Amino acid sequence: MGTIGMLKRFILWDYPRASWQYDVMVGIILAFIFLTPRAWFHDQPRVPTASSIAALPSDKGSSVFFVSSELLEGVPSAQRAARLTRSLQQRSGDPRLRVTRVEPILDSEGELQGYMAFARP
């Protein structure tokens, strides 16, 4: 059998299971999977990113958002509504959106978990 015939059998996977040719093909496939550099395929790990602002269900024409504590870290309480108004306007694309109230959310031990922001268009 010539080289072309052997190559044809490899491509068509014509060897019976548990033969040495079959084992060689499986070894080649595994070597390709585990030894190919990730950069060849531009594959990068995906790091999940959680949004620092999450919209919550609301009623009565207002919008309610949960805001992570990191977003407003170091911002004085008097400036939180203005800061959130700018952030929400940028994210939503609605320049009419205004934050009317920002309330801290504390856990049972009194530690800050985030903020509830109430907004109106």
# chains A, B, ... in the order shown; residues from 1 in each chain; ligands from 1
$ select_by_dssp --residues "chain A" --states "alpha helix (DSSP H)" --output "tab-separated table (two decimals) with N, CA and C atoms, in the first residue's frame"
chain	number	residue	atom	x	y	z
A	3	THR	N	1.81	5.44	0.00
A	3	THR	CA	1.61	6.54	0.95
A	3	THR	C	0.24	7.18	0.76
A	4	ILE	N	-0.19	7.30	-0.48
A	4	ILE	CA	-1.50	7.91	-0.76
A	4	ILE	C	-2.61	7.03	-0.19
A	5	GLY	N	-2.49	5.73	-0.31
A	5	GLY	CA	-3.51	4.83	0.22
A	5	GLY	C	-3.58	4.90	1.74
A	6	MET	N	-2.39	4.97	2.39
A	6	MET	CA	-2.36	5.07	3.86
A	6	MET	C	-2.94	6.41	4.30
A	7	LEU	N	-2.58	7.49	3.59
A	7	LEU	CA	-3.11	8.81	3.92
A	7	LEU	C	-4.62	8.85	3.75
A	8	LYS	N	-5.11	8.20	2.69
A	8	LYS	CA	-6.56	8.13	2.45
A	8	LYS	C	-7.25	7.40	3.59
A	9	ARG	N	-6.65	6.31	4.06
A	9	ARG	CA	-7.26	5.56	5.16
A	9	ARG	C	-7.24	6.37	6.46
A	10	PHE	N	-6.15	7.15	6.67
A	10	PHE	CA	-6.10	8.01	7.86
A	10	PHE	C	-7.18	9.07	7.80
A	11	ILE	N	-7.33	9.74	6.66
A	11	ILE	CA	-8.31	10.81	6.52
A	11	ILE	C	-9.73	10.27	6.67
A	20	TRP	N	-3.01	-0.39	15.95
A	20	TRP	CA	-1.98	0.59	16.26
A	20	TRP	C	-2.18	1.87	15.44
A	21	GLN	N	-2.73	1.76	14.23
A	21	GLN	CA	-2.98	2.95	13.42
A	21	GLN	C	-4.04	3.85	14.07
A	22	TYR	N	-5.07	3.22	14.60
A	22	TYR	CA	-6.13	3.94	15.29
A	22	TYR	C	-5.55	4.67	16.50
A	23	ASP	N	-4.71	3.97	17.27
A	23	ASP	CA	-4.10	4.57	18.46
A	23	ASP	C	-3.19	5.75	18.09
A	24	VAL	N	-2.49	5.63	16.96
A	24	VAL	CA	-1.64	6.72	16.51
A	24	VAL	C	-2.48	7.94	16.16
A	25	MET	N	-3.59	7.73	15.46
A	25	MET	CA	-4.46	8.86	15.11
A	25	MET	C	-5.04	9.53	16.35
A	26	VAL	N	-5.47	8.74	17.32
A	26	VAL	CA	-5.99	9.32	18.56
A	26	VAL	C	-4.89	10.11	19.27
A	27	GLY	N	-3.67	9.57	19.28
A	27	GLY	CA	-2.54	10.28	19.89
A	27	GLY	C	-2.25	11.60	19.20
A	28	ILE	N	-2.32	11.61	17.85
A	28	ILE	CA	-2.10	12.85	17.11
A	28	ILE	C	-3.17	13.88	17.43
A	29	ILE	N	-4.41	13.44	17.50
A	29	ILE	CA	-5.50	14.36	17.82
A	29	ILE	C	-5.34	14.93	19.23
A	30	LEU	N	-5.02	14.08	20.19
A	30	LEU	CA	-4.83	14.55	21.56
A	30	LEU	C	-3.63	15.49	21.67
A	31	ALA	N	-2.55	15.18	20.95
A	31	ALA	CA	-1.38	16.06	20.96
A	31	ALA	C	-1.76	17.42	20.38
A	32	PHE	N	-2.54	17.43	19.32
A	32	PHE	CA	-2.98	18.70	18.73
A	32	PHE	C	-3.81	19.50	19.73
A	33	ILE	N	-4.73	18.83	20.40
A	33	ILE	CA	-5.62	19.51	21.35
A	33	ILE	C	-4.83	20.12	22.50
A	34	PHE	N	-3.93	19.34	23.08
A	34	PHE	CA	-3.26	19.79	24.29
A	34	PHE	C	-1.96	20.56	24.07
A	35	LEU	N	-1.36	20.44	22.90
A	35	LEU	CA	-0.07	21.09	22.68
A	35	LEU	C	-0.13	22.31	21.77
A	80	ARG	N	-23.97	61.54	45.77
A	80	ARG	CA	-24.26	60.22	45.20
A	80	ARG	C	-25.33	60.27	44.12
A	81	ALA	N	-26.40	61.02	44.36
A	81	ALA	CA	-27.49	61.08	43.38
A	81	ALA	C	-27.01	61.68	42.07
A	82	ALA	N	-26.20	62.73	42.15
A	82	ALA	CA	-25.69	63.37	40.92
A	82	ALA	C	-24.75	62.43	40.17
A	83	ARG	N	-23.91	61.74	40.91
A	83	ARG	CA	-22.97	60.79	40.28
A	83	ARG	C	-23.72	59.65	39.60
A	84	LEU	N	-24.73	59.12	40.28
A	84	LEU	CA	-25.52	58.04	39.69
A	84	LEU	C	-26.34	58.53	38.52
A	85	THR	N	-26.84	59.75	38.57
A	85	THR	CA	-27.59	60.31	37.45
A	85	THR	C	-26.73	60.31	36.20
A	86	ARG	N	-25.49	60.78	36.32
A	86	ARG	CA	-24.58	60.80	35.16
A	86	ARG	C	-24.30	59.38	34.65
A	87	SER	N	-24.04	58.45	35.57
A	87	SER	CA	-23.75	57.07	35.17
A	87	SER	C	-24.94	56.43	34.46
A	88	LEU	N	-26.13	56.62	35.02
A	88	LEU	CA	-27.32	56.01	34.42
A	88	LEU	C	-27.67	56.66	33.09
A	89	GLN	N	-27.47	57.95	32.96
A	89	GLN	CA	-27.73	58.61	31.68
A	89	GLN	C	-26.79	58.08	30.60
A	90	GLN	N	-25.53	57.86	30.94
A	90	GLN	CA	-24.57	57.32	29.98
A	90	GLN	C	-24.92	55.89	29.59
A	91	ARG	N	-25.26	55.07	30.57
A	91	ARG	CA	-25.56	53.65	30.30
A	91	ARG	C	-26.86	53.47	29.54
A	92	SER	N	-27.86	54.26	29.87
A	92	SER	CA	-29.17	54.08	29.24
A	92	SER	C	-29.33	54.92	27.98
$ residues_around --residues "Ser52 (chain A)" --least-positions-apart "2" --cutoff "10 Å" --atoms "only C-alpha atoms" --output "ChimeraX atom specification"
/A:49-50,54,65-72,114
$ write_last_selection --atoms "N, CA and C atoms" --output "CSV table (one decimal), in the first residue's frame"
chain,number,residue,atom,x,y,z
A,49,THR,N,-17.9,39.5,33.9
A,49,THR,CA,-17.9,40.8,34.6
A,49,THR,C,-19.4,41.1,35.0
A,50,ALA,N,-19.5,41.4,36.2
A,50,ALA,CA,-20.8,41.7,36.7
A,50,ALA,C,-21.0,43.2,36.6
A,54,ALA,N,-27.6,47.3,38.4
A,54,ALA,CA,-28.6,46.3,37.9
A,54,ALA,C,-30.0,46.9,38.1
A,65,PHE,N,-32.8,50.8,40.8
A,65,PHE,CA,-31.5,50.1,40.4
A,65,PHE,C,-30.8,49.7,41.7
A,66,PHE,N,-30.1,48.5,41.6
A,66,PHE,CA,-29.2,48.1,42.7
A,66,PHE,C,-27.8,48.6,42.2
A,67,VAL,N,-27.1,49.3,43.0
A,67,VAL,CA,-25.8,49.8,42.7
A,67,VAL,C,-24.8,49.2,43.7
A,68,SER,N,-23.7,48.6,43.1
A,68,SER,CA,-22.7,48.0,44.0
A,68,SER,C,-22.0,49.1,44.8
A,69,SER,N,-21.5,48.7,46.0
A,69,SER,CA,-20.9,49.7,46.9
A,69,SER,C,-19.6,50.3,46.3
A,70,GLU,N,-18.9,49.5,45.4
A,70,GLU,CA,-17.7,49.9,44.9
A,70,GLU,C,-17.8,51.1,44.0
A,71,LEU,N,-19.0,51.2,43.3
A,71,LEU,CA,-19.2,52.3,42.3
A,71,LEU,C,-19.3,53.7,43.0
A,72,LEU,N,-19.8,53.7,44.3
A,72,LEU,CA,-19.9,55.0,45.0
A,72,LEU,C,-18.9,55.1,46.1
A,114,GLY,N,-24.5,47.6,49.3
A,114,GLY,CA,-24.8,48.3,48.0
A,114,GLY,C,-25.8,49.4,48.3
$ atom_distance --atom1 "CA of Arg96 (chain A)" --atom2 "CA of Pro76 (chain A)"
23.4 Å
$ select_by_dssp --residues "region 28-81 of chain A" --states "strand (DSSP E or B)" --output "list in words"
Ile53, Ala54, Ala55, Leu56, Ser63, Val64, Phe65, Phe66, Val67 and Ser68 of chain A
$ write_last_selection --atoms "N, CA and C atoms" --output "JSON list (two decimals), in the first residue's frame"
[["chain", "number", "residue", "atom", "x", "y", "z"],
["A", 53, "ILE", "N", -24.25, 48.20, 38.10],
["A", 53, "ILE", "CA", -25.61, 48.72, 38.25],
["A", 53, "ILE", "C", -26.57, 47.70, 37.63],
["A", 54, "ALA", "N", -27.57, 47.29, 38.40],
["A", 54, "ALA", "CA", -28.55, 46.33, 37.90],
["A", 54, "ALA", "C", -29.95, 46.93, 38.05],
["A", 55, "ALA", "N", -30.72, 46.86, 36.96],
["A", 55, "ALA", "CA", -32.10, 47.36, 37.00],
["A", 55, "ALA", "C", -32.98, 46.33, 37.70],
["A", 56, "LEU", "N", -33.88, 46.80, 38.55],
["A", 56, "LEU", "CA", -34.80, 45.94, 39.29],
["A", 56, "LEU", "C", -36.22, 46.23, 38.83],
["A", 63, "SER", "N", -37.95, 54.08, 38.15],
["A", 63, "SER", "CA", -36.99, 53.01, 37.89],
["A", 63, "SER", "C", -36.19, 52.78, 39.16],
["A", 64, "VAL", "N", -35.93, 51.52, 39.45],
["A", 64, "VAL", "CA", -35.17, 51.16, 40.65],
["A", 64, "VAL", "C", -33.93, 50.40, 40.20],
["A", 65, "PHE", "N", -32.78, 50.75, 40.78],
["A", 65, "PHE", "CA", -31.51, 50.14, 40.43],
["A", 65, "PHE", "C", -30.79, 49.70, 41.69],
["A", 66, "PHE", "N", -30.12, 48.55, 41.60],
["A", 66, "PHE", "CA", -29.19, 48.14, 42.65],
["A", 66, "PHE", "C", -27.81, 48.57, 42.18],
["A", 67, "VAL", "N", -27.10, 49.28, 43.04],
["A", 67, "VAL", "CA", -25.78, 49.81, 42.71],
["A", 67, "VAL", "C", -24.77, 49.19, 43.66],
["A", 68, "SER", "N", -23.69, 48.62, 43.11],
["A", 68, "SER", "CA", -22.68, 48.02, 43.97],
["A", 68, "SER", "C", -21.99, 49.11, 44.80]]
